[in-house]
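Student: To be precise about what I am sending: the file is called entry-v4.tsv and holds TSV, C-alpha atoms.
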chain	number	residue	atom	x	y	z
A	1	MET	CA	148.35	145.66	93.29
A	2	GLU	CA	145.37	147.90	94.14
A	3	LYS	CA	142.15	147.01	92.37
A	4	SER	CA	140.49	149.62	90.18
A	5	PRO	CA	137.06	150.86	91.29
A	6	ALA	CA	134.09	149.05	89.80
A	7	SER	CA	132.07	150.98	87.22
A	8	ALA	CA	128.40	151.81	87.73
A	9	TRP	CA	127.35	149.22	85.14
A	10	THR	CA	129.52	146.58	86.77
A	11	ILE	CA	127.93	147.30	90.15
A	12	ALA	CA	124.41	147.18	88.70
A	13	LEU	CA	125.02	143.91	86.85
A	14	CYS	CA	126.63	142.44	89.98
A	15	GLY	CA	123.52	143.38	91.95
A	16	LEU	CA	121.26	141.94	89.26
A	17	LEU	CA	123.07	138.58	89.36
A	18	ALA	CA	122.98	138.53	93.16
A	19	LEU	CA	119.21	139.03	93.13
A	20	VAL	CA	118.82	136.36	90.44
A	21	LEU	CA	120.23	133.93	92.99
A	22	ALA	CA	118.78	135.42	96.18
A	23	MET	CA	115.22	135.80	94.90
A	24	GLY	CA	114.85	133.66	91.78
A	25	ILE	CA	116.44	130.61	93.43
A	26	GLY	CA	116.63	131.26	97.17
A	27	ARG	CA	113.04	132.47	97.43
A	28	PHE	CA	111.02	131.31	94.44
A	29	ALA	CA	112.64	128.19	92.95
A	30	PHE	CA	110.29	126.03	95.01
A	31	SER	CA	107.26	127.20	93.03
A	32	PRO	CA	108.19	125.64	89.65
A	33	ILE	CA	109.74	122.60	91.38
A	34	LEU	CA	106.63	121.93	93.51
A	35	PRO	CA	104.76	120.09	90.69
A	36	MET	CA	107.87	117.95	90.12
A	37	MET	CA	108.09	117.10	93.83
A	38	GLN	CA	104.41	116.18	93.84
A	39	ASP	CA	105.17	113.69	91.07
A	40	ASP	CA	108.42	112.11	92.23
A	41	ALA	CA	108.64	112.88	95.97
A	42	GLY	CA	105.00	112.44	96.95
A	43	MET	CA	104.66	115.98	98.29
A	44	THR	CA	101.07	117.01	99.09
A	45	VAL	CA	99.53	120.47	98.74
A	46	ALA	CA	99.56	120.85	102.54
A	47	GLN	CA	103.23	119.84	102.74
A	48	GLY	CA	104.05	122.25	99.92
A	49	ALA	CA	102.36	125.05	101.83
A	50	TRP	CA	104.38	124.28	104.96
A	51	VAL	CA	107.66	124.15	103.02
A	52	ALA	CA	106.83	127.48	101.37
A	53	SER	CA	105.99	129.03	104.73
A	54	ALA	CA	109.26	127.75	106.22
A	55	ASN	CA	111.11	129.71	103.54
A	56	TYR	CA	109.04	132.81	104.21
A	57	LEU	CA	109.52	132.44	107.97
A	58	GLY	CA	113.26	132.30	107.37
A	59	TYR	CA	113.00	135.43	105.25
A	60	PHE	CA	111.02	137.19	107.97
A	61	LEU	CA	113.49	136.30	110.71
A	62	GLY	CA	116.40	137.13	108.42
A	63	ALA	CA	114.91	140.57	107.73
A	64	VAL	CA	114.43	141.22	111.46
A	65	TRP	CA	117.98	139.98	112.07
A	66	THR	CA	119.39	142.53	109.63
A	67	MET	CA	117.66	145.27	111.62
A	68	VAL	CA	119.59	144.48	114.80
A	69	GLN	CA	122.81	142.97	113.47
A	70	ARG	CA	125.18	145.25	111.57
A	71	ALA	CA	127.38	143.58	108.98
A	72	ARG	CA	129.54	144.68	106.07
A	73	PRO	CA	127.28	144.47	103.00
A	74	ASP	CA	129.99	142.86	100.82
A	75	MET	CA	130.61	140.03	103.31
A	76	ALA	CA	126.88	139.59	103.94
A	77	ILE	CA	126.28	139.19	100.21
A	78	ARG	CA	129.13	136.71	99.76
A	79	LEU	CA	128.15	134.47	102.66
A	80	SER	CA	124.41	134.55	101.96
A	81	LEU	CA	124.83	133.68	98.26
A	82	VAL	CA	127.02	130.68	99.09
A	83	ALA	CA	124.56	129.56	101.79
A	84	ILE	CA	121.65	129.72	99.33
A	85	SER	CA	123.58	127.72	96.74
A	86	LEU	CA	124.57	124.98	99.18
A	87	ALA	CA	121.07	124.74	100.71
A	88	THR	CA	119.63	124.41	97.19
A	89	ILE	CA	122.05	121.62	96.27
A	90	ALA	CA	121.23	119.86	99.55
A	91	MET	CA	117.53	119.82	98.56
A	92	ALA	CA	118.48	117.41	95.78
A	93	TYR	CA	119.51	114.82	98.38
A	94	ALA	CA	117.05	115.59	101.18
A	95	HIS	CA	114.23	113.23	102.08
A	96	GLY	CA	111.16	113.95	104.17
A	97	LEU	CA	109.30	117.02	105.34
A	98	ALA	CA	111.66	117.89	108.22
A	99	ALA	CA	114.69	118.14	105.94
A	100	TRP	CA	112.77	120.17	103.34
A	101	LEU	CA	111.56	122.57	106.01
A	102	ALA	CA	115.06	123.09	107.45
A	103	LEU	CA	116.78	123.68	104.12
A	104	ARG	CA	114.20	126.09	102.75
A	105	PHE	CA	114.23	127.94	106.08
A	106	ILE	CA	118.00	128.40	105.75
A	107	ALA	CA	117.58	129.62	102.18
A	108	GLY	CA	114.95	132.11	103.38
A	109	VAL	CA	117.20	133.57	106.07
A	110	ALA	CA	120.09	133.92	103.61
A	111	SER	CA	117.80	135.46	100.98
A	112	ALA	CA	116.76	138.22	103.37
A	113	TRP	CA	120.36	139.00	104.19
A	114	ALA	CA	121.24	139.02	100.50
A	115	LEU	CA	118.37	141.28	99.48
A	116	VAL	CA	119.00	143.86	102.20
A	117	ALA	CA	122.77	143.83	101.64
A	118	VAL	CA	122.51	144.01	97.83
A	119	ALA	CA	120.06	146.91	97.99
A	120	SER	CA	122.33	148.78	100.41
A	121	TRP	CA	125.59	148.02	98.61
A	122	CYS	CA	124.27	148.94	95.16
A	123	ALA	CA	122.33	152.02	96.25
A	124	GLU	CA	125.29	153.53	98.09
A	125	ARG	CA	127.78	152.95	95.32
A	126	LEU	CA	125.49	153.97	92.49
A	127	ALA	CA	124.63	157.16	94.41
A	128	ALA	CA	128.34	157.88	94.87
A	129	LEU	CA	128.84	157.41	91.13
A	130	ARG	CA	125.77	159.58	90.40
A	131	ARG	CA	123.97	156.75	88.60
A	132	PRO	CA	121.00	156.00	90.91
A	133	GLY	CA	118.80	155.22	87.91
A	134	LEU	CA	120.65	151.92	87.48
A	135	ASN	CA	118.93	150.60	90.62
A	136	GLY	CA	116.07	149.63	88.30
A	137	LEU	CA	118.47	147.27	86.51
A	138	VAL	CA	119.49	145.79	89.87
A	139	PHE	CA	115.89	144.94	90.78
A	140	ALA	CA	115.27	143.46	87.35
A	141	GLY	CA	117.27	140.56	88.78
A	142	VAL	CA	114.19	139.43	90.71
A	143	GLY	CA	112.16	138.76	87.57
A	144	THR	CA	115.19	137.48	85.68
A	145	GLY	CA	115.86	134.93	88.42
A	146	ILE	CA	112.24	133.78	88.45
A	147	PHE	CA	112.29	133.38	84.67
A	148	LEU	CA	115.58	131.47	84.84
A	149	ALA	CA	114.29	129.05	87.49
A	150	GLY	CA	111.09	128.48	85.53
A	151	ALA	CA	112.92	127.95	82.24
A	152	VAL	CA	115.33	125.44	83.79
A	153	CYS	CA	112.44	123.48	85.33
A	154	LEU	CA	110.47	123.58	82.07
A	155	TRP	CA	113.43	122.18	80.16
A	156	LEU	CA	114.01	119.45	82.73
A	157	MET	CA	110.34	118.44	82.70
A	158	VAL	CA	110.40	118.19	78.91
A	159	GLU	CA	113.48	115.97	79.24
A	160	ARG	CA	111.61	113.82	81.81
A	161	ALA	CA	114.02	114.78	84.59
A	162	GLY	CA	112.88	115.02	88.21
A	163	SER	CA	112.99	117.43	91.12
A	164	ARG	CA	116.44	116.20	92.22
A	165	GLU	CA	117.97	117.29	88.93
A	166	ALA	CA	116.17	120.63	89.17
A	167	TRP	CA	117.50	121.42	92.66
A	168	LEU	CA	121.00	120.32	91.69
A	169	ALA	CA	121.02	122.36	88.47
A	170	LEU	CA	119.83	125.54	90.19
A	171	GLY	CA	122.28	125.07	93.05
A	172	LEU	CA	125.18	124.79	90.61
A	173	VAL	CA	123.95	127.90	88.81
A	174	GLY	CA	123.98	129.60	92.21
A	175	LEU	CA	127.60	128.63	92.83
A	176	ALA	CA	128.54	129.97	89.39
A	177	ILE	CA	126.83	133.29	90.15
A	178	SER	CA	128.57	133.47	93.53
A	179	ALA	CA	131.93	132.97	91.82
A	180	VAL	CA	131.23	135.81	89.37
A	181	VAL	CA	129.93	138.25	91.99
A	182	TRP	CA	132.54	137.49	94.70
A	183	PRO	CA	135.55	139.44	93.31
A	184	VAL	CA	133.49	142.50	92.31
A	185	LEU	CA	132.31	142.97	95.90
A	186	GLY	CA	135.87	143.60	97.02
A	187	ARG	CA	136.40	146.55	94.68
A	188	ASP	CA	135.82	150.01	96.16
A	189	ALA	CA	133.54	152.31	94.16
A	190	GLY	CA	134.43	155.46	96.04
A	191	PRO	CA	132.94	157.16	99.11
A	192	GLU	CA	129.70	155.77	100.47
A	193	VAL	CA	126.69	157.99	101.02
A	194	SER	CA	126.08	158.94	104.62
A	195	ARG	CA	123.49	157.09	106.69
A	196	SER	CA	120.97	159.09	108.63
A	197	THR	CA	120.44	158.41	112.31
A	198	ALA	CA	117.45	160.73	112.64
A	199	PRO	CA	114.66	159.23	114.77
A	200	PHE	CA	111.40	158.36	113.05
A	201	ARG	CA	108.07	159.52	114.43
A	202	TRP	CA	105.19	157.18	113.67
A	203	ASN	CA	101.91	158.55	112.39
A	204	ALA	CA	98.70	157.23	110.84
A	205	ASP	CA	100.05	157.55	107.30
A	206	ALA	CA	103.15	155.49	108.08
A	207	LEU	CA	101.10	152.81	109.84
A	208	GLY	CA	98.80	152.69	106.82
A	209	LEU	CA	101.75	152.03	104.53
A	210	VAL	CA	102.87	149.19	106.79
A	211	ALA	CA	99.37	147.65	106.72
A	212	CYS	CA	99.07	147.96	102.92
A	213	TYR	CA	102.51	146.45	102.40
A	214	GLY	CA	101.61	143.56	104.69
A	215	ALA	CA	98.40	142.98	102.72
A	216	TYR	CA	100.48	142.94	99.54
A	217	GLY	CA	102.81	140.32	101.03
A	218	PHE	CA	99.87	138.07	101.92
A	219	ALA	CA	98.01	138.56	98.67
A	220	TYR	CA	100.71	138.13	96.06
A	221	ILE	CA	102.30	135.07	97.64
A	222	VAL	CA	99.25	132.84	97.19
A	223	PRO	CA	99.25	132.92	93.37
A	224	ALA	CA	103.05	133.36	93.26
A	225	THR	CA	103.59	130.13	95.19
A	226	PHE	CA	100.91	127.95	93.65
A	227	ILE	CA	100.52	129.09	90.02
A	228	PRO	CA	102.62	126.17	88.66
A	229	ALA	CA	100.79	123.65	90.86
A	230	MET	CA	97.40	125.01	89.77
A	231	ALA	CA	98.49	124.79	86.13
A	232	ARG	CA	99.57	121.18	86.63
A	233	GLN	CA	96.14	120.28	88.00
A	234	MET	CA	94.50	121.62	84.85
A	235	VAL	CA	96.99	120.54	82.19
A	236	PRO	CA	99.18	117.50	82.94
A	237	ASP	CA	101.51	118.10	79.98
A	238	PRO	CA	104.64	119.88	81.27
A	239	VAL	CA	105.23	121.46	77.87
A	240	ALA	CA	101.99	123.38	78.46
A	241	PHE	CA	101.77	124.03	82.22
A	242	GLY	CA	105.51	124.58	82.58
A	243	TRP	CA	105.21	127.97	80.87
A	244	ALA	CA	103.33	129.52	83.82
A	245	TRP	CA	106.43	130.36	85.87
A	246	PRO	CA	108.62	131.68	83.00
A	247	VAL	CA	105.72	133.99	82.04
A	248	PHE	CA	105.55	135.19	85.66
A	249	GLY	CA	109.28	135.92	85.72
A	250	ALA	CA	109.39	137.60	82.31
A	251	ALA	CA	106.53	139.90	83.32
A	252	ALA	CA	108.31	140.74	86.58
A	253	GLY	CA	111.53	141.57	84.76
A	254	ALA	CA	109.86	143.78	82.15
A	255	SER	CA	107.70	145.56	84.72
A	256	THR	CA	110.62	147.56	86.12
A	257	LEU	CA	111.04	149.28	82.75
A	258	LEU	CA	107.31	150.04	82.51
A	259	ALA	CA	107.28	151.35	86.08
A	260	GLY	CA	110.02	153.83	85.25
A	261	TYR	CA	107.91	155.19	82.40
A	262	LEU	CA	104.69	155.38	84.44
A	263	MET	CA	106.40	157.17	87.32
A	264	ARG	CA	106.88	160.17	85.05
A	265	THR	CA	103.14	160.82	85.17
A	266	LEU	CA	101.88	158.95	88.26
A	267	SER	CA	102.84	159.38	91.89
A	268	CYS	CA	104.34	156.39	93.69
A	269	ARG	CA	101.18	155.97	95.76
A	270	ALA	CA	98.92	156.10	92.70
A	271	LEU	CA	101.07	153.53	90.90
A	272	TRP	CA	101.03	151.33	94.01
A	273	ALA	CA	97.21	151.48	94.14
A	274	LEU	CA	96.94	150.75	90.39
A	275	SER	CA	99.31	147.79	90.74
A	276	ALA	CA	97.26	146.44	93.65
A	277	VAL	CA	94.09	146.51	91.52
A	278	VAL	CA	95.83	144.76	88.61
A	279	MET	CA	97.30	142.16	90.97
A	280	ALA	CA	93.87	141.57	92.53
A	281	ALA	CA	92.47	140.89	89.08
A	282	GLY	CA	95.32	138.46	88.43
A	283	ALA	CA	94.72	136.64	91.71
A	284	VAL	CA	91.08	135.84	90.94
A	285	THR	CA	91.47	135.25	87.18
A	286	PRO	CA	91.94	131.46	87.52
A	287	LEU	CA	88.56	131.31	89.28
A	288	VAL	CA	86.79	133.38	86.65
A	289	GLN	CA	88.56	131.78	83.68
A	290	PRO	CA	89.42	128.16	84.51
A	291	GLY	CA	92.09	126.40	82.50
A	292	LEU	CA	95.56	127.22	81.30
A	293	PRO	CA	94.62	130.58	79.68
A	294	GLY	CA	93.41	131.87	83.06
A	295	ILE	CA	96.59	130.64	84.75
A	296	LEU	CA	98.81	132.39	82.21
A	297	VAL	CA	96.86	135.65	82.52
A	298	SER	CA	97.20	135.39	86.29
A	299	ALA	CA	100.97	134.84	85.94
A	300	LEU	CA	101.22	137.87	83.66
A	301	LEU	CA	99.21	140.22	85.90
A	302	VAL	CA	100.67	139.15	89.25
A	303	GLY	CA	104.21	138.80	87.92
A	304	GLY	CA	103.98	142.17	86.20
A	305	THR	CA	103.05	144.05	89.37
A	306	PHE	CA	104.76	142.52	92.40
A	307	VAL	CA	108.21	144.02	91.74
A	308	VAL	CA	106.57	147.35	90.91
A	309	VAL	CA	104.91	147.44	94.34
A	310	THR	CA	108.27	146.72	95.95
A	311	LEU	CA	109.95	149.59	94.10
A	312	VAL	CA	107.25	152.21	94.65
A	313	GLY	CA	106.61	151.04	98.23
A	314	VAL	CA	110.19	151.79	99.24
A	315	GLN	CA	110.14	155.14	97.44
A	316	GLU	CA	106.84	156.10	99.08
A	317	ALA	CA	108.33	155.23	102.47
A	318	ARG	CA	111.18	157.62	101.77
A	319	ALA	CA	108.70	160.31	100.74
A	320	VAL	CA	106.78	159.89	104.03
A	321	ALA	CA	109.73	159.46	106.41
A	322	GLY	CA	112.48	161.41	104.67
A	323	GLU	CA	115.99	160.80	105.95
A	324	SER	CA	114.71	158.54	108.73
A	325	ALA	CA	112.96	156.15	106.33
A	326	GLY	CA	115.04	153.18	107.50
A	327	ALA	CA	112.70	152.35	110.38
A	328	LEU	CA	109.62	152.57	108.16
A	329	VAL	CA	111.16	150.45	105.41
A	330	ALA	CA	112.19	147.85	107.99
A	331	ALA	CA	108.67	147.73	109.45
A	332	MET	CA	107.14	147.43	105.98
A	333	THR	CA	109.55	144.59	105.14
A	334	ALA	CA	108.63	142.75	108.33
A	335	ALA	CA	104.90	143.18	107.62
A	336	PHE	CA	105.44	141.99	104.05
A	337	ALA	CA	107.33	138.90	105.25
A	338	GLY	CA	104.66	138.19	107.86
A	339	GLY	CA	101.98	138.30	105.17
A	340	GLN	CA	103.97	135.82	103.10
A	341	ILE	CA	104.03	133.38	106.00
A	342	VAL	CA	100.27	133.58	106.47
A	343	GLY	CA	99.38	133.13	102.78
A	344	PRO	CA	100.49	129.52	102.24
A	345	LEU	CA	99.20	128.54	105.70
A	346	VAL	CA	95.74	129.77	104.67
A	347	VAL	CA	95.96	127.49	101.62
A	348	SER	CA	97.00	124.58	103.83
A	349	ALA	CA	94.23	125.24	106.37
A	350	LEU	CA	91.57	125.48	103.67
A	351	GLY	CA	92.88	122.50	101.73
A	352	GLY	CA	92.79	124.32	98.40
A	353	TYR	CA	93.49	127.51	96.49
A	354	GLU	CA	90.06	128.94	95.73
A	355	VAL	CA	89.11	130.71	98.98
A	356	ALA	CA	92.71	131.87	99.48
A	357	LEU	CA	92.73	133.50	96.03
A	358	VAL	CA	89.49	135.33	96.82
A	359	ALA	CA	90.96	136.53	100.12
A	360	ALA	CA	94.06	137.73	98.28
A	361	GLY	CA	91.96	139.71	95.82
A	362	VAL	CA	89.93	141.31	98.61
A	363	ALA	CA	93.05	142.29	100.58
A	364	LEU	CA	94.60	143.93	97.53
A	365	ALA	CA	91.42	145.81	96.65
A	366	ALA	CA	91.15	147.09	100.22
A	367	SER	CA	94.77	148.27	100.17
A	368	ALA	CA	94.18	150.11	96.89
A	369	VAL	CA	91.21	151.94	98.41
A	370	ALA	CA	93.24	152.81	101.51
A	371	LEU	CA	96.14	154.15	99.44
A	372	ARG	CA	93.92	156.36	97.29
A	373	SER	CA	91.90	157.65	100.23
A	374	ARG	CA	94.90	159.25	101.94
Would you mind giving the structure from this file in structure tokens?

Tutor:
Amino acid sequence: MEKSPASAWTIALCGLLALVLAMGIGRFAFSPILPMMQDDAGMTVAQGAWVASANYLGYFLGAVWTMVQRARPDMAIRLSLVAISLATIAMAYAHGLAAWLALRFIAGVASAWALVAVASWCAERLAALRRPGLNGLVFAGVGTGIFLAGAVCLWLMVERAGSREAWLALGLVGLAISAVVWPVLGRDAGPEVSRSTAPFRWNADALGLVACYGAYGFAYIVPATFIPAMARQMVPDPVAFGWAWPVFGAAAGASTLLAGYLMRTLSCRALWALSAVVMAAGAVTPLVQPGLPGILVSALLVGGTFVVVTLVGVQEARAVAGESAGALVAAMTAAFAGGQIVGPLVVSALGGYEVALVAAGVALAASAVALRSR
């Protein structure tokens, strides 16, 4: 019996759930679990930075891989979501730095495949159904996933559970999401939009976007990775410091709605520059206002802008490159991923967060100036 086409809302919700797993768990679950691993697995700040960078390196290589390897988006989503879930469950039973590095690297590669495939699959089908506005709901999955991971870890810390239980719980959630998403991916939503093969000609403006997007990748990842660990240093009670990551995720989820409103009056480039300034303020807030209040403000400001920059960055690339924006978006993604690799390594090299947070703020401020000057 032939399956009926999926509705626009079904496609958008499917994409949202896929990004909950790909980003909230595959990419960012390590952040709220890091304080737990410091307590029960003996992980140091330097080791945490290396494990984070392994995930970001996997994401970088996965993004480059998607540029040269064509795959059906539905199969890419299915396989990558299952890979993320299994790698997350394996973290519950892994011991030692080498195993942690390998598993988070695998999750990073699969996350890149999932993000690229989900964006492509949803955009094409929503365009065919004349509901492109629902892409905002799809990307709300990033913040929703971050909030979910943080809430699960907060609950487990309150219950005196450890990092093993956290990895296992999130991995099982991932398998459940995969089971829900799997059958929807096989339902045809109608004709796909055509892909352009027009060559892209590089210019100074395009290179500037790549540089600014790379600076954003470096700058946001420092607070995004270490906010929970910084909170733990200041307030040992998990009931208090455990709220940092849920606040980050809730702000990220709500920001997509605010961005849609602001884009009625601001250009994508202006909103990108404004978001960079707000994110810079969030990066340095823990230095200006020590203690949990500063951490929570940082989580709110950084979490509330990083998805916005992703959305407007892609749209600005399409405005600059037109139908041949694929090459520019790919280059921006690679620069972004490269910046994410460097960020945690700077923390590891410096042995602390302070100088890295200042560097993040400076990079964001410089990108804002560059965006507004063109």

Student: Provide the atom CA of A:Ala8 to atom CA of A:Phe248 distance in Å, to one decimal place.

Tutor: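 A separation of 28.3 Å between them.
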
Student: I'd like the contact shell of stretch 140-155 of chain A - 6 Å cut-off, all atoms listed in the file, skipping same-chain residues fewer than 5 positions apart - returned as a PDB file with C-alpha atoms, keeping the file's coordinate frame.

Tutor:
ATOM      1  CA  LEU A  16     121.260 141.940  89.260  1.00  0.00           C
ATOM      2  CA  LEU A  19     119.210 139.030  93.130  1.00  0.00           C
ATOM      3  CA  VAL A  20     118.820 136.360  90.440  1.00  0.00           C
ATOM      4  CA  MET A  23     115.220 135.800  94.900  1.00  0.00           C
ATOM      5  CA  GLY A  24     114.850 133.660  91.780  1.00  0.00           C
ATOM      6  CA  ALA A  29     112.640 128.190  92.950  1.00  0.00           C
ATOM      7  CA  PRO A  32     108.190 125.640  89.650  1.00  0.00           C
ATOM      8  CA  GLY A 242     105.510 124.580  82.580  1.00  0.00           C
ATOM      9  CA  TRP A 245     106.430 130.360  85.870  1.00  0.00           C
ATOM     10  CA  PRO A 246     108.620 131.680  83.000  1.00  0.00           C
ATOM     11  CA  GLY A 249     109.280 135.920  85.720  1.00  0.00           C
ATOM     12  CA  ALA A 250     109.390 137.600  82.310  1.00  0.00           C
ATOM     13  CA  ALA A 252     108.310 140.740  86.580  1.00  0.00           C
ATOM     14  CA  GLY A 253     111.530 141.570  84.760  1.00  0.00           C
TER      15      GLY A 253
END

Student: For A:Ser275, find every residue with an atom within 12 Å (counting only C-alpha atoms), except residues of its own chain fewer than 6 positions away, and show them as a ChimeraX atom specification.

Tutor: /A:216,220,255,258-259,262,266,268-269,281-282,301-313,364-365,367-369,371

Student: Can you measure atom CA of A:Ala359 to atom CA of A:Ile295 for me? One decimal in Å is fine.

Tutor: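 Computing it gives 17.4 Å between the two atoms.
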
Student: Excluding A:Asp39 and its own-chain neighbours fewer than 5 positions away, which residues fall within 9 Å of it when counting only C-alpha atoms? Please give them as a list in words.

Tutor: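 Surrounding residues, per the criterion: Leu34, Gly162 and Ser163 of chain A.
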
Student: Show which residues sit within 12 Å of A:Phe226, as a PyMOL selection string. Count only C-alpha atoms, and ignore same-chain residues fewer than 6 positions away.

Tutor: chain A and resi 28-35+45-46+48-49+52+220+232-233+244-245+248+283+286+295+298-299+343-344+347-348+352-354+356-357

Student: Nearest to A:Ala204: which of A:Leu57, A:Ile106, A:Val320, A:Val278 is it, counting all atoms listed in the file?

Tutor: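 Closest residue, counting all atoms listed in the file: A:Val320.
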
Student: For the atom pair atom CA of A:Arg104 and atom CA of A:Phe218, what is the interatomic distance in Å to one decimal place?

Tutor: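 Atom-to-atom, atom CA of A:Arg104 to atom CA of A:Phe218, that is 18.7 Å.
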
Student: When you look at A:Ile11 with a cut-off of 8 Å (counting all atoms listed in the file), what residues show up, excluding the ones that are within fewer than 5 positions of it in the same chain? I need them as a short mmCIF file (atom, residue, chain, number, x, y, z; two decimals) with C-alpha atoms, in the frame of the given file.

Tutor:
data_model
loop_
_atom_site.label_atom_id
_atom_site.label_comp_id
_atom_site.auth_asym_id
_atom_site.auth_seq_id
_atom_site.Cartn_x
_atom_site.Cartn_y
_atom_site.Cartn_z
CA ALA A 6 134.09 149.05 89.80
CA CYS A 122 124.27 148.94 95.16
CA ARG A 125 127.78 152.95 95.32
CA LEU A 126 125.49 153.97 92.49
CA VAL A 184 133.49 142.50 92.31
#

Student: So, with all atoms listed in the file as the atoms that count, which of A:Ala123, A:Val210, A:Asp237, A:Ala219 lies closest to A:Leu137?

Tutor: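 So, comparing all the options, the nearest one is A:Ala123.
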
Student: Where atoms are missing, can you supply N, CA and C atoms for stretch 326-340 of chain A and output the lot as an mmCIF file, keeping the file's coordinate frame?

Tutor:
data_model
loop_
_atom_site.group_PDB
_atom_site.id
_atom_site.type_symbol
_atom_site.label_atom_id
_atom_site.label_comp_id
_atom_site.auth_asym_id
_atom_site.auth_seq_id
_atom_site.Cartn_x
_atom_site.Cartn_y
_atom_site.Cartn_z
ATOM 1 N N GLY A 326 114.581 154.536 107.216
ATOM 2 C CA GLY A 326 115.040 153.180 107.500
ATOM 3 C C GLY A 326 114.106 152.400 108.400
ATOM 4 N N ALA A 327 113.595 153.045 109.451
ATOM 5 C CA ALA A 327 112.700 152.350 110.380
ATOM 6 C C ALA A 327 111.388 151.972 109.701
ATOM 7 N N LEU A 328 110.885 152.861 108.851
ATOM 8 C CA LEU A 328 109.620 152.570 108.160
ATOM 9 C C LEU A 328 109.806 151.462 107.142
ATOM 10 N N VAL A 329 110.899 151.506 106.382
ATOM 11 C CA VAL A 329 111.160 150.450 105.410
ATOM 12 C C VAL A 329 111.325 149.106 106.106
ATOM 13 N N ALA A 330 112.009 149.090 107.243
ATOM 14 C CA ALA A 330 112.190 147.850 107.990
ATOM 15 C C ALA A 330 110.849 147.299 108.475
ATOM 16 N N ALA A 331 109.982 148.171 108.980
ATOM 17 C CA ALA A 331 108.670 147.730 109.450
ATOM 18 C C ALA A 331 107.815 147.212 108.296
ATOM 19 N N MET A 332 107.884 147.889 107.154
ATOM 20 C CA MET A 332 107.140 147.430 105.980
ATOM 21 C C MET A 332 107.644 146.068 105.519
ATOM 22 N N THR A 333 108.968 145.876 105.536
ATOM 23 C CA THR A 333 109.550 144.590 105.140
ATOM 24 C C THR A 333 109.099 143.474 106.069
ATOM 25 N N ALA A 334 109.071 143.758 107.366
ATOM 26 C CA ALA A 334 108.630 142.750 108.330
ATOM 27 C C ALA A 334 107.151 142.402 108.120
ATOM 28 N N ALA A 335 106.321 143.427 107.872
ATOM 29 C CA ALA A 335 104.900 143.180 107.620
ATOM 30 C C ALA A 335 104.709 142.372 106.338
ATOM 31 N N PHE A 336 105.482 142.709 105.326
ATOM 32 C CA PHE A 336 105.440 141.990 104.050
ATOM 33 C C PHE A 336 105.805 140.515 104.264
ATOM 34 N N ALA A 337 106.897 140.270 104.992
ATOM 35 C CA ALA A 337 107.330 138.900 105.250
ATOM 36 C C ALA A 337 106.306 138.147 106.080
ATOM 37 N N GLY A 338 105.692 138.829 107.061
ATOM 38 C CA GLY A 338 104.660 138.190 107.860
ATOM 39 C C GLY A 338 103.467 137.773 107.009
ATOM 40 N N GLY A 339 103.072 138.643 106.077
ATOM 41 C CA GLY A 339 101.980 138.300 105.170
ATOM 42 C C GLY A 339 102.301 137.094 104.323
ATOM 43 N N GLN A 340 103.568 136.969 103.911
ATOM 44 C CA GLN A 340 103.970 135.820 103.100
ATOM 45 C C GLN A 340 103.882 134.514 103.889
#
